[in-house]
$ cat my_file33.cif   # mmCIF, N, CA and C atoms
data_coords
loop_
_atom_site.label_atom_id
_atom_site.label_comp_id
_atom_site.auth_asym_id
_atom_site.auth_seq_id
_atom_site.Cartn_x
_atom_site.Cartn_y
_atom_site.Cartn_z
N MET A 1 -14.49 19.81 4.08
CA MET A 1 -15.23 18.92 3.19
C MET A 1 -14.61 19.00 1.79
N MET A 2 -14.41 17.86 1.23
CA MET A 2 -13.75 17.81 -0.07
C MET A 2 -14.76 17.99 -1.19
N THR A 3 -14.38 18.76 -2.17
CA THR A 3 -15.26 19.01 -3.30
C THR A 3 -15.17 17.88 -4.31
N THR A 4 -16.14 17.83 -5.19
CA THR A 4 -16.15 16.82 -6.25
C THR A 4 -14.91 16.95 -7.12
N ILE A 5 -14.48 18.17 -7.39
CA ILE A 5 -13.28 18.38 -8.21
C ILE A 5 -12.05 17.80 -7.53
N ALA A 6 -11.95 17.96 -6.23
CA ALA A 6 -10.80 17.41 -5.50
C ALA A 6 -10.82 15.88 -5.55
N TYR A 7 -11.99 15.27 -5.38
CA TYR A 7 -12.10 13.82 -5.50
C TYR A 7 -11.69 13.35 -6.89
N LEU A 8 -12.19 14.03 -7.91
CA LEU A 8 -11.84 13.66 -9.29
C LEU A 8 -10.35 13.82 -9.55
N ALA A 9 -9.73 14.83 -8.97
CA ALA A 9 -8.28 15.02 -9.11
C ALA A 9 -7.53 13.86 -8.48
N LYS A 10 -7.97 13.43 -7.31
CA LYS A 10 -7.32 12.29 -6.64
C LYS A 10 -7.46 11.02 -7.47
N ILE A 11 -8.65 10.78 -7.98
CA ILE A 11 -8.89 9.58 -8.79
C ILE A 11 -8.05 9.63 -10.06
N THR A 12 -8.01 10.78 -10.71
CA THR A 12 -7.23 10.94 -11.94
C THR A 12 -5.75 10.70 -11.69
N LEU A 13 -5.23 11.23 -10.59
CA LEU A 13 -3.82 11.03 -10.26
C LEU A 13 -3.54 9.56 -9.98
N ALA A 14 -4.42 8.89 -9.25
CA ALA A 14 -4.22 7.46 -8.96
C ALA A 14 -4.20 6.64 -10.25
N VAL A 15 -5.12 6.93 -11.14
CA VAL A 15 -5.16 6.22 -12.43
C VAL A 15 -3.89 6.51 -13.22
N ALA A 16 -3.45 7.75 -13.23
CA ALA A 16 -2.23 8.12 -13.97
C ALA A 16 -1.02 7.35 -13.44
N ILE A 17 -0.93 7.18 -12.14
CA ILE A 17 0.19 6.44 -11.55
C ILE A 17 0.15 4.98 -12.01
N ILE A 18 -1.03 4.37 -11.99
CA ILE A 18 -1.16 2.97 -12.42
C ILE A 18 -0.80 2.84 -13.90
N VAL A 19 -1.26 3.75 -14.72
CA VAL A 19 -0.95 3.71 -16.15
C VAL A 19 0.56 3.89 -16.36
N LEU A 20 1.17 4.83 -15.64
CA LEU A 20 2.61 5.04 -15.74
C LEU A 20 3.37 3.75 -15.44
N ILE A 21 2.98 3.07 -14.39
CA ILE A 21 3.69 1.84 -14.00
C ILE A 21 3.48 0.75 -15.04
N THR A 22 2.23 0.54 -15.48
CA THR A 22 1.99 -0.54 -16.44
C THR A 22 2.62 -0.26 -17.79
N GLU A 23 2.59 0.98 -18.23
CA GLU A 23 3.23 1.33 -19.50
C GLU A 23 4.75 1.23 -19.40
N THR A 24 5.30 1.63 -18.28
CA THR A 24 6.75 1.51 -18.08
C THR A 24 7.17 0.05 -18.09
N SER A 25 6.31 -0.84 -17.58
CA SER A 25 6.65 -2.27 -17.55
C SER A 25 6.84 -2.85 -18.94
N ASN A 26 6.26 -2.20 -19.96
CA ASN A 26 6.47 -2.66 -21.34
C ASN A 26 7.89 -2.39 -21.82
N ARG A 27 8.57 -1.44 -21.18
CA ARG A 27 9.93 -1.07 -21.57
C ARG A 27 10.97 -1.62 -20.60
N SER A 28 10.63 -1.57 -19.31
CA SER A 28 11.59 -2.01 -18.29
C SER A 28 10.85 -2.48 -17.05
N LEU A 29 10.94 -3.77 -16.76
CA LEU A 29 10.30 -4.31 -15.56
C LEU A 29 10.94 -3.74 -14.30
N PHE A 30 12.26 -3.53 -14.35
CA PHE A 30 12.93 -2.98 -13.18
C PHE A 30 12.46 -1.56 -12.89
N LEU A 31 12.40 -0.72 -13.93
CA LEU A 31 11.96 0.66 -13.73
C LEU A 31 10.50 0.71 -13.26
N ALA A 32 9.66 -0.15 -13.80
CA ALA A 32 8.27 -0.22 -13.34
C ALA A 32 8.21 -0.64 -11.87
N SER A 33 9.08 -1.58 -11.50
CA SER A 33 9.16 -2.01 -10.09
C SER A 33 9.59 -0.86 -9.20
N LEU A 34 10.55 -0.09 -9.69
CA LEU A 34 11.01 1.08 -8.92
C LEU A 34 9.87 2.07 -8.71
N PHE A 35 9.15 2.39 -9.79
CA PHE A 35 8.02 3.31 -9.66
C PHE A 35 6.97 2.77 -8.69
N ALA A 36 6.69 1.48 -8.78
CA ALA A 36 5.67 0.88 -7.91
C ALA A 36 6.11 0.85 -6.45
N SER A 37 7.42 0.77 -6.22
CA SER A 37 7.91 0.68 -4.84
C SER A 37 8.00 2.03 -4.14
N ILE A 38 7.97 3.10 -4.91
CA ILE A 38 8.02 4.45 -4.30
C ILE A 38 6.71 4.65 -3.54
N PRO A 39 6.78 5.10 -2.32
CA PRO A 39 5.55 5.23 -1.52
C PRO A 39 4.71 6.45 -1.93
N ILE A 40 4.45 6.56 -3.22
CA ILE A 40 3.74 7.74 -3.73
C ILE A 40 2.34 7.85 -3.14
N VAL A 41 1.66 6.72 -2.97
CA VAL A 41 0.31 6.77 -2.42
C VAL A 41 0.35 7.31 -0.99
N SER A 42 1.29 6.83 -0.20
CA SER A 42 1.42 7.31 1.18
C SER A 42 1.80 8.78 1.21
N ILE A 43 2.71 9.18 0.34
CA ILE A 43 3.14 10.58 0.30
C ILE A 43 1.97 11.48 -0.10
N LEU A 44 1.22 11.06 -1.12
CA LEU A 44 0.06 11.85 -1.52
C LEU A 44 -0.98 11.91 -0.41
N ALA A 45 -1.20 10.78 0.26
CA ALA A 45 -2.15 10.77 1.37
C ALA A 45 -1.71 11.74 2.47
N ILE A 46 -0.42 11.75 2.77
CA ILE A 46 0.11 12.66 3.78
C ILE A 46 -0.08 14.12 3.35
N LEU A 47 0.19 14.41 2.10
CA LEU A 47 -0.02 15.77 1.60
C LEU A 47 -1.49 16.18 1.71
N TRP A 48 -2.39 15.27 1.33
CA TRP A 48 -3.81 15.58 1.41
C TRP A 48 -4.29 15.68 2.86
N MET A 49 -3.73 14.85 3.73
CA MET A 49 -4.08 14.94 5.16
C MET A 49 -3.66 16.31 5.70
N HIS A 50 -2.46 16.72 5.34
CA HIS A 50 -1.98 18.05 5.76
C HIS A 50 -2.89 19.14 5.22
N ASN A 51 -3.23 19.02 3.95
CA ASN A 51 -4.12 20.01 3.32
C ASN A 51 -5.50 20.04 3.99
N ASP A 52 -5.95 18.88 4.48
CA ASP A 52 -7.25 18.79 5.14
C ASP A 52 -7.20 19.23 6.61
N GLY A 53 -6.00 19.64 7.08
CA GLY A 53 -5.89 20.18 8.43
C GLY A 53 -5.49 19.21 9.52
N LYS A 54 -5.02 18.02 9.14
CA LYS A 54 -4.55 17.09 10.17
C LYS A 54 -3.32 17.67 10.84
N SER A 55 -3.17 17.37 12.13
CA SER A 55 -2.03 17.87 12.88
C SER A 55 -0.78 17.08 12.54
N GLY A 56 0.36 17.64 12.91
CA GLY A 56 1.63 16.93 12.73
C GLY A 56 1.64 15.60 13.46
N GLU A 57 1.05 15.56 14.64
CA GLU A 57 0.99 14.32 15.42
C GLU A 57 0.14 13.27 14.71
N GLU A 58 -0.98 13.68 14.15
CA GLU A 58 -1.84 12.73 13.42
C GLU A 58 -1.12 12.18 12.19
N ILE A 59 -0.41 13.04 11.50
CA ILE A 59 0.34 12.58 10.33
C ILE A 59 1.48 11.65 10.75
N ALA A 60 2.12 11.94 11.87
CA ALA A 60 3.18 11.07 12.38
C ALA A 60 2.63 9.70 12.75
N VAL A 61 1.46 9.65 13.37
CA VAL A 61 0.82 8.37 13.72
C VAL A 61 0.51 7.59 12.45
N PHE A 62 0.01 8.29 11.43
CA PHE A 62 -0.26 7.65 10.15
C PHE A 62 1.03 7.08 9.56
N ALA A 63 2.11 7.86 9.56
CA ALA A 63 3.39 7.40 9.01
C ALA A 63 3.91 6.19 9.78
N ASP A 64 3.76 6.21 11.10
CA ASP A 64 4.17 5.05 11.90
C ASP A 64 3.39 3.80 11.49
N GLY A 65 2.08 3.96 11.29
CA GLY A 65 1.25 2.83 10.88
C GLY A 65 1.66 2.28 9.53
N VAL A 66 1.92 3.16 8.59
CA VAL A 66 2.35 2.71 7.26
C VAL A 66 3.67 1.94 7.37
N LEU A 67 4.59 2.48 8.14
CA LEU A 67 5.89 1.83 8.31
C LEU A 67 5.73 0.42 8.89
N LEU A 68 4.95 0.30 9.94
CA LEU A 68 4.74 -1.01 10.55
C LEU A 68 4.01 -1.98 9.63
N LEU A 69 3.03 -1.48 8.88
CA LEU A 69 2.21 -2.36 8.07
C LEU A 69 2.86 -2.77 6.75
N ILE A 70 4.02 -2.24 6.47
CA ILE A 70 4.78 -2.72 5.31
C ILE A 70 5.17 -4.18 5.53
N ILE A 71 5.46 -4.53 6.77
CA ILE A 71 5.97 -5.87 7.09
C ILE A 71 5.01 -6.97 6.61
N PRO A 72 3.73 -6.97 7.02
CA PRO A 72 2.87 -8.05 6.53
C PRO A 72 2.54 -7.96 5.05
N SER A 73 2.66 -6.78 4.45
CA SER A 73 2.35 -6.66 3.02
C SER A 73 3.39 -7.37 2.16
N LEU A 74 4.57 -7.59 2.69
CA LEU A 74 5.64 -8.23 1.91
C LEU A 74 5.31 -9.68 1.55
N ILE A 75 4.47 -10.33 2.35
CA ILE A 75 4.16 -11.74 2.09
C ILE A 75 3.52 -11.95 0.73
N CYS A 76 2.73 -10.98 0.27
CA CYS A 76 2.09 -11.13 -1.04
C CYS A 76 3.14 -11.25 -2.14
N PHE A 77 4.13 -10.39 -2.12
CA PHE A 77 5.15 -10.40 -3.16
C PHE A 77 6.06 -11.63 -3.04
N LEU A 78 6.38 -12.01 -1.81
CA LEU A 78 7.20 -13.20 -1.61
C LEU A 78 6.50 -14.45 -2.14
N LEU A 79 5.24 -14.62 -1.78
CA LEU A 79 4.49 -15.80 -2.23
C LEU A 79 4.23 -15.78 -3.73
N LEU A 80 3.84 -14.63 -4.25
CA LEU A 80 3.57 -14.54 -5.69
C LEU A 80 4.80 -14.92 -6.49
N SER A 81 5.93 -14.35 -6.15
CA SER A 81 7.18 -14.66 -6.86
C SER A 81 7.54 -16.14 -6.73
N TYR A 82 7.45 -16.66 -5.52
CA TYR A 82 7.81 -18.07 -5.26
C TYR A 82 6.90 -19.02 -6.05
N LEU A 83 5.59 -18.79 -5.97
CA LEU A 83 4.65 -19.70 -6.62
C LEU A 83 4.78 -19.64 -8.14
N LEU A 84 4.91 -18.45 -8.70
CA LEU A 84 5.06 -18.33 -10.15
C LEU A 84 6.33 -19.02 -10.64
N ARG A 85 7.39 -18.88 -9.88
CA ARG A 85 8.67 -19.52 -10.28
C ARG A 85 8.63 -21.04 -10.10
N ASN A 86 7.65 -21.52 -9.37
CA ASN A 86 7.54 -22.96 -9.16
C ASN A 86 6.36 -23.57 -9.92
N GLY A 87 5.99 -22.92 -11.03
CA GLY A 87 5.04 -23.51 -11.96
C GLY A 87 3.57 -23.25 -11.70
N TRP A 88 3.23 -22.47 -10.70
CA TRP A 88 1.83 -22.16 -10.45
C TRP A 88 1.33 -21.17 -11.49
N ASP A 89 0.04 -21.24 -11.79
CA ASP A 89 -0.58 -20.26 -12.68
C ASP A 89 -0.72 -18.93 -11.96
N PHE A 90 -0.89 -17.87 -12.77
CA PHE A 90 -0.91 -16.51 -12.22
C PHE A 90 -2.03 -16.29 -11.20
N PHE A 91 -3.29 -16.54 -11.57
CA PHE A 91 -4.39 -16.18 -10.68
C PHE A 91 -4.40 -16.98 -9.38
N PRO A 92 -4.14 -18.29 -9.40
CA PRO A 92 -4.04 -18.99 -8.11
C PRO A 92 -2.89 -18.44 -7.24
N SER A 93 -1.77 -18.12 -7.88
CA SER A 93 -0.63 -17.54 -7.14
C SER A 93 -1.01 -16.21 -6.51
N LEU A 94 -1.66 -15.35 -7.30
CA LEU A 94 -2.08 -14.05 -6.79
C LEU A 94 -3.11 -14.22 -5.67
N GLY A 95 -4.06 -15.11 -5.87
CA GLY A 95 -5.08 -15.36 -4.85
C GLY A 95 -4.49 -15.84 -3.54
N ILE A 96 -3.58 -16.77 -3.61
CA ILE A 96 -2.92 -17.27 -2.40
C ILE A 96 -2.12 -16.15 -1.74
N GLY A 97 -1.43 -15.35 -2.54
CA GLY A 97 -0.67 -14.23 -1.99
C GLY A 97 -1.57 -13.23 -1.27
N ILE A 98 -2.71 -12.93 -1.87
CA ILE A 98 -3.64 -11.97 -1.26
C ILE A 98 -4.23 -12.54 0.02
N VAL A 99 -4.69 -13.78 -0.01
CA VAL A 99 -5.27 -14.39 1.19
C VAL A 99 -4.23 -14.46 2.31
N ALA A 100 -3.03 -14.88 1.98
CA ALA A 100 -1.96 -14.96 2.99
C ALA A 100 -1.65 -13.58 3.56
N THR A 101 -1.71 -12.56 2.71
CA THR A 101 -1.44 -11.19 3.17
C THR A 101 -2.53 -10.71 4.11
N VAL A 102 -3.78 -10.99 3.79
CA VAL A 102 -4.89 -10.61 4.68
C VAL A 102 -4.71 -11.28 6.04
N ILE A 103 -4.38 -12.56 6.03
CA ILE A 103 -4.15 -13.28 7.29
C ILE A 103 -2.97 -12.67 8.04
N ALA A 104 -1.90 -12.37 7.32
CA ALA A 104 -0.72 -11.76 7.96
C ALA A 104 -1.07 -10.41 8.57
N TYR A 105 -1.88 -9.60 7.86
CA TYR A 105 -2.32 -8.31 8.41
C TYR A 105 -3.11 -8.52 9.70
N LEU A 106 -4.06 -9.43 9.69
CA LEU A 106 -4.89 -9.67 10.87
C LEU A 106 -4.04 -10.08 12.07
N ILE A 107 -3.10 -10.97 11.85
CA ILE A 107 -2.22 -11.42 12.92
C ILE A 107 -1.32 -10.28 13.38
N PHE A 108 -0.70 -9.61 12.43
CA PHE A 108 0.26 -8.55 12.75
C PHE A 108 -0.40 -7.41 13.51
N ILE A 109 -1.59 -7.03 13.08
CA ILE A 109 -2.30 -5.94 13.76
C ILE A 109 -2.60 -6.31 15.21
N ARG A 110 -3.01 -7.54 15.44
CA ARG A 110 -3.25 -7.98 16.83
C ARG A 110 -1.97 -7.94 17.65
N VAL A 111 -0.88 -8.36 17.04
CA VAL A 111 0.40 -8.37 17.75
C VAL A 111 0.84 -6.95 18.11
N ILE A 112 0.79 -6.04 17.15
CA ILE A 112 1.26 -4.68 17.44
C ILE A 112 0.32 -3.95 18.40
N GLU A 113 -0.96 -4.29 18.36
CA GLU A 113 -1.88 -3.71 19.35
C GLU A 113 -1.52 -4.17 20.75
N ARG A 114 -1.30 -5.47 20.90
CA ARG A 114 -0.97 -6.04 22.22
C ARG A 114 0.36 -5.52 22.75
N MET A 115 1.28 -5.24 21.83
CA MET A 115 2.58 -4.73 22.25
C MET A 115 2.52 -3.22 22.50
N GLY A 116 1.40 -2.60 22.17
CA GLY A 116 1.25 -1.17 22.39
C GLY A 116 1.98 -0.32 21.37
N TRP A 117 2.33 -0.91 20.24
CA TRP A 117 3.08 -0.16 19.22
C TRP A 117 2.19 0.78 18.44
N ILE A 118 0.91 0.47 18.36
CA ILE A 118 0.02 1.30 17.56
C ILE A 118 -1.41 1.11 18.05
N ALA A 119 -2.16 2.18 18.00
CA ALA A 119 -3.56 2.11 18.36
C ALA A 119 -4.38 2.10 17.07
N THR A 120 -5.35 1.20 16.98
CA THR A 120 -6.12 1.09 15.73
C THR A 120 -7.48 1.78 15.82
N GLN A 121 -7.70 2.53 16.89
CA GLN A 121 -8.98 3.24 17.00
C GLN A 121 -9.01 4.36 15.96
N THR A 122 -10.21 4.62 15.46
CA THR A 122 -10.37 5.72 14.52
C THR A 122 -10.62 7.01 15.27
N SER A 123 -10.23 8.12 14.64
CA SER A 123 -10.41 9.42 15.31
C SER A 123 -11.70 10.06 14.90
#
$ encode --input "my_file33.cif" --output "structure tokens"
Amino acid sequence: MMTTIAYLAKITLAVAIIVLITETSNRSLFLASLFASIPIVSILAILWMHNDGKSGEEIAVFADGVLLLIIPSLICFLLLSYLLRNGWDFFPSLGIGIVATVIAYLIFIRVIERMGWIATQTS
């Protein structure tokens, strides 16, 4: 069972990462993009899962899921970039990107389940 201090540490670290990325973007958009693309959230989750006693197999299944689910997440960035460069306003572009990504996730998850690539049952 996780203590309140551990939860607060996780929240503080997540906020610090977001602040680091947004503040870095004021100096270098490329460097901010690099920081944002590092799978720090997944790595931290894996570390915390290990600390919470998850087995190597459970962590491997988690890593497999993250790897597979990167594919549908790309649609948000592709659409956002495309729409903004073609004169769309920010919030409609972001909204369309998010909705398209949710749809892509739903479709992709069904496909990978049917192909037997990943099980979506909770443990």
$ residues_around --input "my_file33.cif" --residues "Thr22 in chain A" --least-positions-apart "4" --cutoff "8 Å" --atoms "only C-alpha atoms" --output "list in words"
Ile18, Asn26 and Ala32 of chain A
$ atom_distance --input "my_file33.cif" --atom1 "CA of Asn51 in chain A" --atom2 "CA of Leu69 in chain A"
23.7 Å
$ closest_residue --input "my_file33.cif" --among "A:Trp48, A:Val61, A:Val111, A:Ile98" --to "Tyr7 in chain A" --atoms "only C-alpha atoms"
A:Trp48
$ atom_distance --input "my_file33.cif" --atom1 "atom C of Pro92 in chain A" --atom2 "CA of Leu79 in chain A"
9.3 Å
$ residues_around --input "my_file33.cif" --residues "Ser73 in chain A" --least-positions-apart "3" --cutoff "9 Å" --atoms "only C-alpha atoms" --output "ChimeraX atom specification"
/A:69-70,76-77,101-102,104-105
$ atom_distance --input "my_file33.cif" --atom1 "CA of Val15 in chain A" --atom2 "CA of Ile46 in chain A"
18.2 Å
$ resolve_selection --input "my_file33.cif" --expression "the PyMOL selection byres ((chain A and resi 80) around 8)" --output "ChimeraX atom specification"
/A:74-79,81-86,92-98
$ closest_residue --input "my_file33.cif" --among "A:Asp52, A:Leu47, A:Ala14, A:Pro72" --to "Phe108 in chain A" --atoms "all atoms listed in the file"
A:Pro72
$ resolve_selection --input "my_file33.cif" --expression "the PyMOL selection byres (((chain A and resi 65 and name CA) around 10) and name CA)" --output "list in words"
Ile59, Ala60, Val61, Phe62, Ala63, Asp64, Val66, Leu67, Leu68, Leu69, Ile70, Ile109, Ile112, Trp117, Ile118, Ala119 and Thr120 of chain A
$ decode --input "my_file33.cif" --residues "range 60-107 of chain A" --atoms "C-alpha atoms" --output "compact mmCIF listing (two decimals), in the first residue's frame"
# COMPACT_ATOMS: atom_id res chain seq x y z
CA ALA A 60 7.55 -7.08 -19.44
CA VAL A 61 3.83 -7.26 -20.31
CA PHE A 62 3.50 -3.60 -19.34
CA ALA A 63 6.50 -2.68 -21.54
CA ASP A 64 5.02 -4.63 -24.45
CA GLY A 65 1.74 -2.74 -24.07
CA VAL A 66 3.48 0.64 -24.00
CA LEU A 67 5.46 -0.27 -27.10
CA LEU A 68 2.38 -1.33 -29.03
CA LEU A 69 0.27 1.62 -27.90
CA ILE A 70 2.79 4.17 -29.12
CA ILE A 71 1.46 3.50 -32.63
CA PRO A 72 -2.05 4.96 -32.21
CA SER A 73 -0.76 7.81 -30.04
CA LEU A 74 1.20 9.19 -32.99
CA ILE A 75 -1.99 10.30 -34.75
CA CYS A 76 -2.45 13.16 -32.27
CA PHE A 77 0.90 14.71 -33.14
CA LEU A 78 0.51 14.09 -36.87
CA LEU A 79 -2.92 15.72 -36.99
CA LEU A 80 -2.03 18.59 -34.67
CA SER A 81 1.02 19.51 -36.73
CA TYR A 82 -0.84 19.14 -40.04
CA LEU A 83 -3.88 21.16 -38.99
CA LEU A 84 -1.88 23.98 -37.40
CA ARG A 85 0.31 24.28 -40.50
CA ASN A 86 -2.82 24.48 -42.64
CA GLY A 87 -4.36 27.44 -40.85
CA TRP A 88 -6.50 25.77 -38.19
CA ASP A 89 -6.72 27.36 -34.76
CA PHE A 90 -4.97 25.67 -31.85
CA PHE A 91 -7.89 24.32 -29.80
CA PRO A 92 -9.88 22.85 -32.72
CA SER A 93 -6.65 21.24 -33.97
CA LEU A 94 -5.89 19.81 -30.54
CA GLY A 95 -9.47 18.62 -30.10
CA ILE A 96 -9.50 16.84 -33.45
CA GLY A 97 -6.13 15.28 -32.66
CA ILE A 98 -7.36 14.01 -29.30
CA VAL A 99 -10.63 12.63 -30.66
CA ALA A 100 -8.83 10.93 -33.56
CA THR A 101 -6.33 9.45 -31.11
CA VAL A 102 -9.09 8.05 -28.88
CA ILE A 103 -10.70 6.47 -31.94
CA ALA A 104 -7.33 5.11 -33.09
CA TYR A 105 -6.74 3.60 -29.62
CA LEU A 106 -10.15 1.92 -29.61
CA ILE A 107 -9.59 0.43 -33.05
